[in-house]
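Q: You'll find entry-v1.cif just under this line, and it carries mmCIF, C-alpha atoms.
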```cif
data_coords
loop_
_atom_site.group_PDB
_atom_site.id
_atom_site.type_symbol
_atom_site.label_atom_id
_atom_site.label_comp_id
_atom_site.auth_asym_id
_atom_site.auth_seq_id
_atom_site.Cartn_x
_atom_site.Cartn_y
_atom_site.Cartn_z
ATOM 1 C CA MET A 1135 28.714 24.845 67.155
ATOM 2 C CA TYR A 1136 26.150 24.311 64.373
ATOM 3 C CA ASN A 1137 25.609 20.734 63.157
ATOM 4 C CA TRP A 1138 25.370 20.819 59.365
ATOM 5 C CA TYR A 1139 24.826 17.092 59.188
ATOM 6 C CA LEU A 1140 21.493 17.220 61.083
ATOM 7 C CA THR A 1141 20.263 20.203 59.078
ATOM 8 C CA GLY A 1142 21.127 18.420 55.823
ATOM 9 C CA MET A 1143 19.265 15.307 56.982
ATOM 10 C CA LYS A 1144 16.182 17.372 57.840
ATOM 11 C CA LEU A 1145 16.233 18.981 54.389
ATOM 12 C CA LEU A 1146 16.667 15.573 52.766
ATOM 13 C CA LYS A 1147 13.680 14.187 54.692
ATOM 14 C CA ILE A 1148 11.520 17.161 53.699
ATOM 15 C CA PHE A 1149 12.590 16.828 50.061
ATOM 16 C CA LEU A 1150 11.824 13.086 50.037
ATOM 17 C CA ALA A 1151 8.427 13.682 51.680
ATOM 18 C CA ILE A 1152 7.518 16.248 49.015
ATOM 19 C CA LEU A 1153 8.752 13.898 46.293
ATOM 20 C CA MET A 1154 6.571 11.088 47.658
ATOM 21 C CA VAL A 1155 3.518 13.372 47.729
ATOM 22 C CA PHE A 1156 4.050 14.237 44.064
ATOM 23 C CA ALA A 1157 4.573 10.559 43.172
ATOM 24 C CA VAL A 1158 1.340 9.522 44.911
ATOM 25 C CA ALA A 1159 -0.570 12.398 43.321
ATOM 26 C CA GLN A 1160 0.752 11.462 39.881
ATOM 27 C CA ALA A 1161 -0.120 7.788 40.334
ATOM 28 C CA SER A 1162 -3.643 8.523 41.535
ATOM 29 C CA ALA A 1163 -4.382 11.124 38.852
ATOM 30 C CA LYS A 1164 -7.168 10.215 36.457
ATOM 31 C CA GLU A 1165 -6.213 9.231 32.974
ATOM 32 C CA PRO A 1166 -7.244 11.816 30.396
ATOM 33 C CA LYS A 1167 -10.388 10.967 28.483
ATOM 34 C CA ALA A 1168 -9.951 9.890 24.910
ATOM 35 C CA ALA A 1169 -10.961 12.519 22.406
ATOM 36 C CA LYS A 1170 -14.546 11.941 21.404
ATOM 37 C CA ALA A 1171 -15.323 11.690 17.760
ATOM 38 C CA SER A 1172 -18.600 13.217 16.574
ATOM 39 C CA LYS A 1173 -20.467 11.980 13.523
ATOM 40 C CA TYR A 1174 -20.867 14.375 10.606
ATOM 41 C CA THR A 1175 -21.445 14.364 6.900
ATOM 42 C CA VAL A 1176 -17.986 14.936 5.469
ATOM 43 C CA TYR A 1177 -16.900 15.566 1.897
ATOM 44 C CA ALA A 1178 -13.695 13.894 0.733
ATOM 45 C CA ILE A 1179 -11.389 13.674 -2.280
ATOM 46 C CA GLY A 1180 -8.646 11.074 -2.519
ATOM 47 C CA VAL A 1181 -5.375 12.018 -4.194
ATOM 48 C CA ALA A 1182 -2.523 9.701 -5.187
ATOM 49 C CA SER A 1183 0.800 10.709 -6.682
ATOM 50 C CA SER A 1184 4.169 9.136 -7.214
ATOM 51 C CA PHE A 1185 7.652 10.630 -7.445
ATOM 52 C CA ASN A 1186 8.376 8.169 -10.238
ATOM 53 C CA ASP A 1187 5.449 9.093 -12.464
ATOM 54 C CA THR A 1188 4.046 12.217 -14.102
ATOM 55 C CA VAL A 1189 0.487 11.019 -13.550
ATOM 56 C CA ALA A 1190 -1.534 11.656 -10.406
ATOM 57 C CA TYR A 1191 -4.895 10.085 -9.640
ATOM 58 C CA TYR A 1192 -7.789 11.626 -7.768
ATOM 59 C CA THR A 1193 -11.293 10.554 -6.883
ATOM 60 C CA ASP A 1194 -14.491 12.442 -7.460
ATOM 61 C CA MET A 1195 -15.733 14.342 -4.447
ATOM 62 C CA GLN A 1196 -17.494 11.806 -2.282
ATOM 63 C CA ILE A 1197 -19.833 12.174 0.662
ATOM 64 C CA LEU A 1198 -18.809 10.227 3.742
ATOM 65 C CA ASN A 1199 -22.002 9.760 5.732
ATOM 66 C CA ASP A 1200 -21.578 9.270 9.481
ATOM 67 C CA ALA A 1201 -17.875 10.051 9.251
ATOM 68 C CA GLU A 1202 -16.355 10.848 12.595
ATOM 69 C CA LEU A 1203 -14.488 14.075 13.221
ATOM 70 C CA GLU A 1204 -12.287 14.340 16.275
ATOM 71 C CA ARG A 1205 -12.250 17.416 18.510
ATOM 72 C CA ASN A 1206 -9.411 18.913 16.503
ATOM 73 C CA ARG A 1207 -11.558 18.480 13.350
ATOM 74 C CA TYR A 1208 -9.431 15.684 11.909
ATOM 75 C CA LEU A 1209 -11.151 12.809 10.197
ATOM 76 C CA HIS A 1210 -11.149 9.858 12.573
ATOM 77 C CA ARG A 1211 -9.109 6.942 11.153
ATOM 78 C CA ARG A 1212 -8.130 9.065 8.145
ATOM 79 C CA SER A 1213 -5.209 6.765 7.356
ATOM 80 C CA GLY A 1214 -7.741 3.991 6.734
ATOM 81 C CA TYR A 1215 -9.268 6.018 3.899
ATOM 82 C CA SER A 1216 -5.802 6.591 2.380
ATOM 83 C CA PHE A 1217 -5.042 2.872 2.603
ATOM 84 C CA GLN A 1218 -8.279 2.088 0.753
ATOM 85 C CA LEU A 1219 -7.185 4.270 -2.159
ATOM 86 C CA ARG A 1220 -3.669 2.815 -2.107
ATOM 87 C CA ASP A 1221 -5.046 -0.742 -2.129
ATOM 88 C CA TYR A 1222 -7.313 0.113 -5.055
ATOM 89 C CA LEU A 1223 -4.372 1.469 -7.054
ATOM 90 C CA VAL A 1224 -2.212 -1.562 -6.226
ATOM 91 C CA ALA A 1225 -5.038 -3.802 -7.477
ATOM 92 C CA GLN A 1226 -5.003 -1.747 -10.702
ATOM 93 C CA GLY A 1227 -1.240 -2.404 -11.079
ATOM 94 C CA LYS A 1228 -0.070 1.043 -9.980
ATOM 95 C CA GLN A 1229 2.670 0.648 -7.386
ATOM 96 C CA ASN A 1230 4.468 3.178 -5.173
ATOM 97 C CA TYR A 1231 1.781 5.829 -4.964
ATOM 98 C CA THR A 1232 1.452 8.046 -1.930
ATOM 99 C CA CYS A 1233 -2.196 8.584 -1.096
ATOM 100 C CA LEU A 1234 -3.911 11.253 0.918
ATOM 101 C CA VAL A 1235 -7.454 12.268 1.598
ATOM 102 C CA LEU A 1236 -8.613 15.880 1.512
ATOM 103 C CA PHE A 1237 -11.726 16.314 3.633
ATOM 104 C CA ASN A 1238 -13.959 18.968 5.077
ATOM 105 C CA ALA A 1239 -17.445 19.195 6.539
ATOM 106 C CA LYS A 1240 -18.165 22.082 4.163
ATOM 107 C CA LYS A 1241 -18.228 21.359 0.459
ATOM 108 C CA SER A 1242 -17.121 24.876 -0.539
ATOM 109 C CA LYS A 1243 -14.018 24.708 1.671
ATOM 110 C CA LEU A 1244 -13.055 21.333 0.241
ATOM 111 C CA GLU A 1245 -13.440 22.706 -3.284
ATOM 112 C CA LYS A 1246 -11.035 25.537 -2.404
ATOM 113 C CA GLN A 1247 -8.525 23.051 -0.959
ATOM 114 C CA TRP A 1248 -8.777 20.875 -4.043
ATOM 115 C CA ALA A 1249 -8.312 23.883 -6.351
ATOM 116 C CA LYS A 1250 -4.999 24.692 -4.608
ATOM 117 C CA VAL A 1251 -3.771 21.113 -4.877
ATOM 118 C CA LYS A 1252 -4.906 20.853 -8.488
ATOM 119 C CA ASP A 1253 -3.092 24.088 -9.391
ATOM 120 C CA ARG A 1254 0.112 22.773 -7.859
ATOM 121 C CA PHE A 1255 -0.107 19.577 -9.920
ATOM 122 C CA THR A 1256 -0.748 21.481 -13.144
ATOM 123 C CA LYS A 1257 2.172 23.855 -12.449
ATOM 124 C CA ASP A 1258 4.427 20.817 -12.094
ATOM 125 C CA ASN A 1259 3.120 19.400 -15.419
ATOM 126 C CA ILE A 1260 1.563 16.382 -13.750
ATOM 127 C CA LYS A 1261 -1.332 14.834 -15.620
ATOM 128 C CA LEU A 1262 -4.431 14.357 -13.453
ATOM 129 C CA VAL A 1263 -6.566 11.268 -13.989
ATOM 130 C CA VAL A 1264 -9.930 10.996 -12.298
ATOM 131 C CA ILE A 1265 -11.096 7.788 -10.630
ATOM 132 C CA GLN A 1266 -14.847 7.666 -11.079
ATOM 133 C CA GLU A 1267 -17.076 7.021 -8.085
ATOM 134 C CA ASN A 1268 -18.520 3.885 -9.687
ATOM 135 C CA ASP A 1269 -14.943 2.467 -9.864
ATOM 136 C CA PHE A 1270 -13.869 3.408 -6.338
ATOM 137 C CA LYS A 1271 -15.848 4.517 -3.301
ATOM 138 C CA PHE A 1272 -14.585 5.174 0.220
ATOM 139 C CA THR A 1273 -16.079 3.057 2.969
ATOM 140 C CA LYS A 1274 -15.891 3.663 6.696
ATOM 141 C CA PRO A 1275 -12.691 2.015 7.990
ATOM 142 C CA GLU A 1276 -13.098 -0.690 10.582
ATOM 143 C CA GLU A 1277 -11.940 -0.128 14.141
ATOM 144 C CA LEU A 1278 -8.973 -2.228 15.187
#
```
Reformat the file's structure so that it appears as structure tokens.
A:
Amino acid sequence: MYNWYLTGMKLLKIFLAILMVFAVAQASAKEPKAAKASKYTVYAIGVASSFNDTVAYYTDMQILNDAELERNRYLHRRSGYSFQLRDYLVAQGKQNYTCLVLFNAKKSKLEKQWAKVKDRFTKDNIKLVVIQENDFKFTKPEEL
């Protein structure tokens, strides 16, 4: 007569042993390295628009010296640049604007991006107002 209980116990022990090996391997695995950010000269344009207004604001093209680009070519701490533009507009009395920063390491590519965004605004009959560089200039956001 075959004893199913002992066979089941052996399988359970083997399963638990394998599970423990995976748990130990997972716990001892190295943490992935944080994505390095490399310093570049980056060109940027800030854009701010509101759903409640037919006016959108944009900055002149600015050069961000020593800006950091992550491996995936995103601007490191890009939200900090958007917050700078938002804070500037709030100080000017313009509330509820959504701000974004268009950026690229190549000036020609940024100009193409900006042309597409600008065309979309003009198609939607939104008036574009430039914020001069002597009124507002991006600064490198501080690390938290």
Q: One decimal, in Å: what's the spacing between CA of Asn1186 in chain A and CA of Tyr1208 in chain A?
A: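 Atom-to-atom, CA of Asn1186 in chain A and CA of Tyr1208 in chain A are spaced 29.4 Å apart.
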Q: Write out as a ChimeraX atom specification each polymer residue whose atoms come within 8 Å of Ala1190 in chain A, counting only C-alpha atoms; drop sequence neighbours fewer than 2 positions from it.
A: /A:1181-1184,1187-1188,1192,1260-1263
Q: Take the residues just selected and output them with C-alpha atoms as a JSON list (two decimals), keeping the file's coordinate frame.
A:
```
[["chain", "number", "residue", "atom", "x", "y", "z"],
["A", 1181, "VAL", "CA", -5.38, 12.02, -4.19],
["A", 1182, "ALA", "CA", -2.52, 9.70, -5.19],
["A", 1183, "SER", "CA", 0.80, 10.71, -6.68],
["A", 1184, "SER", "CA", 4.17, 9.14, -7.21],
["A", 1187, "ASP", "CA", 5.45, 9.09, -12.46],
["A", 1188, "THR", "CA", 4.05, 12.22, -14.10],
["A", 1192, "TYR", "CA", -7.79, 11.63, -7.77],
["A", 1260, "ILE", "CA", 1.56, 16.38, -13.75],
["A", 1261, "LYS", "CA", -1.33, 14.83, -15.62],
["A", 1262, "LEU", "CA", -4.43, 14.36, -13.45],
["A", 1263, "VAL", "CA", -6.57, 11.27, -13.99]]
```
Q: Of the residues A:Ala1239, A:Ile1265, A:Ala1249, A:Val1155, which is the one nearest to Asp1194 in chain A, using all atoms listed in the file?
A: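 Of A:Ala1239, A:Ile1265, A:Ala1249, A:Val1155, the one nearest Asp1194 in chain A is A:Ile1265, counting all atoms listed in the file.
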Q: Using CA of Lys1274 in chain A and CA of Lys1250 in chain A as the two end points, give the distance in Å to one decimal.
A: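 Spanning CA of Lys1274 in chain A to CA of Lys1250 in chain A is a straight-line distance of 26.2 Å.
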Q: Kindly list the centre and edge lengths in Å, rounded to one decimal, for the axis-aligned box that covers all listed atoms of range 1202-1211 of chain A plus 6 Å on each of its six sides, as lines of an AutoDock Vina configuration file.
A:
```
center_x = -12.7
center_y = 12.9
center_z = 14.4
size_x = 19.2
size_y = 24.0
size_z = 20.3
```
Q: Go through A:Ile1179, A:Gln1218, A:Arg1205, A:Phe1185 one by one, measure the shortest atom-to-atom distance of each to Thr1232 in chain A using only C-alpha atoms, and give the residue with the smallest value.
A: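 Among the listed residues, A:Phe1185 lies closest to Thr1232 in chain A.
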Q: Any idea what's packed within 10 Å of range 1241-1246 of chain A, counting only C-alpha atoms, ignoring anything in its chain fewer than 3 positions away? Could you give it as a list in words?
A: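 Non-adjacent residues within range: Val1176, Tyr1177, Ala1178, Ile1179, Met1195, Gln1196, Ile1197, Leu1236, Phe1237, Asn1238, Ala1249, Lys1250, Val1251 and Lys1252 of chain A.
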Q: Output the residue selection produced by the PyMOL selection byres ((chain A and resi 1216) around 6) on the file above, formatted as a VMD selection string.
A: chain A and resid 1213 to 1215 1217 to 1219 1233 to 1235
Q: On this structure, the PyMOL selection byres ((chain A and resi 1200) around 7) would catch which residues? List them as a list in words, sorted by chain and number.
A: Lys1173, Tyr1174, Thr1175, Leu1198, Asn1199, Ala1201 and Glu1202 of chain A
Q: So what do you get for CA of Leu1209 in chain A versus CA of Ala1225 in chain A, distance-wise?
A: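 CA of Ala1225 in chain A lies 25.0 Å from CA of Leu1209 in chain A.
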Q: Where atoms are absent from range 1209-1235 of chain A, fill them in so it carries N, CA and C atoms, then output it as an mmCIF file, keeping the file's coordinate frame.
A:
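The file below, rebuild-v9.cif, is the result:
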```cif
data_model
loop_
_atom_site.group_PDB
_atom_site.id
_atom_site.type_symbol
_atom_site.label_atom_id
_atom_site.label_comp_id
_atom_site.auth_asym_id
_atom_site.auth_seq_id
_atom_site.Cartn_x
_atom_site.Cartn_y
_atom_site.Cartn_z
ATOM 1 N N LEU A 1209 -10.330 13.960 10.535
ATOM 2 C CA LEU A 1209 -11.151 12.809 10.197
ATOM 3 C C LEU A 1209 -10.646 11.603 10.973
ATOM 4 N N HIS A 1210 -11.526 11.012 11.752
ATOM 5 C CA HIS A 1210 -11.149 9.858 12.573
ATOM 6 C C HIS A 1210 -10.779 8.694 11.657
ATOM 7 N N ARG A 1211 -9.652 8.069 11.937
ATOM 8 C CA ARG A 1211 -9.109 6.942 11.153
ATOM 9 C C ARG A 1211 -8.878 7.347 9.689
ATOM 10 N N ARG A 1212 -8.353 8.563 9.498
ATOM 11 C CA ARG A 1212 -8.130 9.065 8.145
ATOM 12 C C ARG A 1212 -7.115 8.235 7.369
ATOM 13 N N SER A 1213 -6.173 7.611 8.068
ATOM 14 C CA SER A 1213 -5.209 6.765 7.356
ATOM 15 C C SER A 1213 -5.906 5.573 6.714
ATOM 16 N N GLY A 1214 -6.998 5.111 7.317
ATOM 17 C CA GLY A 1214 -7.741 3.991 6.734
ATOM 18 C C GLY A 1214 -8.311 4.340 5.367
ATOM 19 N N TYR A 1215 -8.760 5.576 5.194
ATOM 20 C CA TYR A 1215 -9.268 6.018 3.899
ATOM 21 C C TYR A 1215 -8.132 6.075 2.868
ATOM 22 N N SER A 1216 -6.960 6.543 3.292
ATOM 23 C CA SER A 1216 -5.802 6.591 2.380
ATOM 24 C C SER A 1216 -5.388 5.183 1.965
ATOM 25 N N PHE A 1217 -5.412 4.254 2.920
ATOM 26 C CA PHE A 1217 -5.042 2.872 2.603
ATOM 27 C C PHE A 1217 -6.028 2.249 1.615
ATOM 28 N N GLN A 1218 -7.299 2.615 1.708
ATOM 29 C CA GLN A 1218 -8.279 2.088 0.753
ATOM 30 C C GLN A 1218 -7.922 2.509 -0.669
ATOM 31 N N LEU A 1219 -7.549 3.777 -0.835
ATOM 32 C CA LEU A 1219 -7.185 4.270 -2.159
ATOM 33 C C LEU A 1219 -5.896 3.604 -2.640
ATOM 34 N N ARG A 1220 -4.921 3.476 -1.742
ATOM 35 C CA ARG A 1220 -3.669 2.815 -2.107
ATOM 36 C C ARG A 1220 -3.921 1.369 -2.537
ATOM 37 N N ASP A 1221 -4.747 0.647 -1.786
ATOM 38 C CA ASP A 1221 -5.046 -0.742 -2.129
ATOM 39 C C ASP A 1221 -5.758 -0.853 -3.474
ATOM 40 N N TYR A 1222 -6.635 0.097 -3.760
ATOM 41 C CA TYR A 1222 -7.313 0.113 -5.055
ATOM 42 C C TYR A 1222 -6.297 0.289 -6.186
ATOM 43 N N LEU A 1223 -5.369 1.226 -6.008
ATOM 44 C CA LEU A 1223 -4.372 1.469 -7.054
ATOM 45 C C LEU A 1223 -3.439 0.279 -7.230
ATOM 46 N N VAL A 1224 -3.067 -0.371 -6.134
ATOM 47 C CA VAL A 1224 -2.212 -1.562 -6.226
ATOM 48 C C VAL A 1224 -2.943 -2.654 -7.003
ATOM 49 N N ALA A 1225 -4.244 -2.806 -6.750
ATOM 50 C CA ALA A 1225 -5.038 -3.802 -7.477
ATOM 51 C C ALA A 1225 -5.114 -3.458 -8.965
ATOM 52 N N GLN A 1226 -4.997 -2.183 -9.304
ATOM 53 C CA GLN A 1226 -5.003 -1.747 -10.702
ATOM 54 C C GLN A 1226 -3.613 -1.824 -11.333
ATOM 55 N N GLY A 1227 -2.596 -2.263 -10.566
ATOM 56 C CA GLY A 1227 -1.240 -2.404 -11.079
ATOM 57 C C GLY A 1227 -0.398 -1.143 -10.954
ATOM 58 N N LYS A 1228 -0.814 -0.212 -10.154
ATOM 59 C CA LYS A 1228 -0.070 1.043 -9.980
ATOM 60 C C LYS A 1228 0.607 1.016 -8.609
ATOM 61 N N GLN A 1229 1.897 0.787 -8.621
ATOM 62 C CA GLN A 1229 2.670 0.648 -7.386
ATOM 63 C C GLN A 1229 3.289 1.981 -6.972
ATOM 64 N N ASN A 1230 3.684 2.065 -5.719
ATOM 65 C CA ASN A 1230 4.468 3.178 -5.173
ATOM 66 C C ASN A 1230 3.775 4.534 -5.262
ATOM 67 N N TYR A 1231 2.502 4.567 -5.004
ATOM 68 C CA TYR A 1231 1.781 5.829 -4.964
ATOM 69 C C TYR A 1231 1.538 6.227 -3.514
ATOM 70 N N THR A 1232 1.746 7.496 -3.247
ATOM 71 C CA THR A 1232 1.452 8.046 -1.930
ATOM 72 C C THR A 1232 0.048 8.618 -1.995
ATOM 73 N N CYS A 1233 -0.788 8.196 -1.065
ATOM 74 C CA CYS A 1233 -2.196 8.584 -1.096
ATOM 75 C C CYS A 1233 -2.537 9.461 0.093
ATOM 76 N N LEU A 1234 -3.414 10.415 -0.154
ATOM 77 C CA LEU A 1234 -3.911 11.253 0.918
ATOM 78 C C LEU A 1234 -5.372 11.552 0.658
ATOM 79 N N VAL A 1235 -6.031 11.956 1.706
ATOM 80 C CA VAL A 1235 -7.454 12.268 1.598
ATOM 81 C C VAL A 1235 -7.657 13.710 2.057
#
```
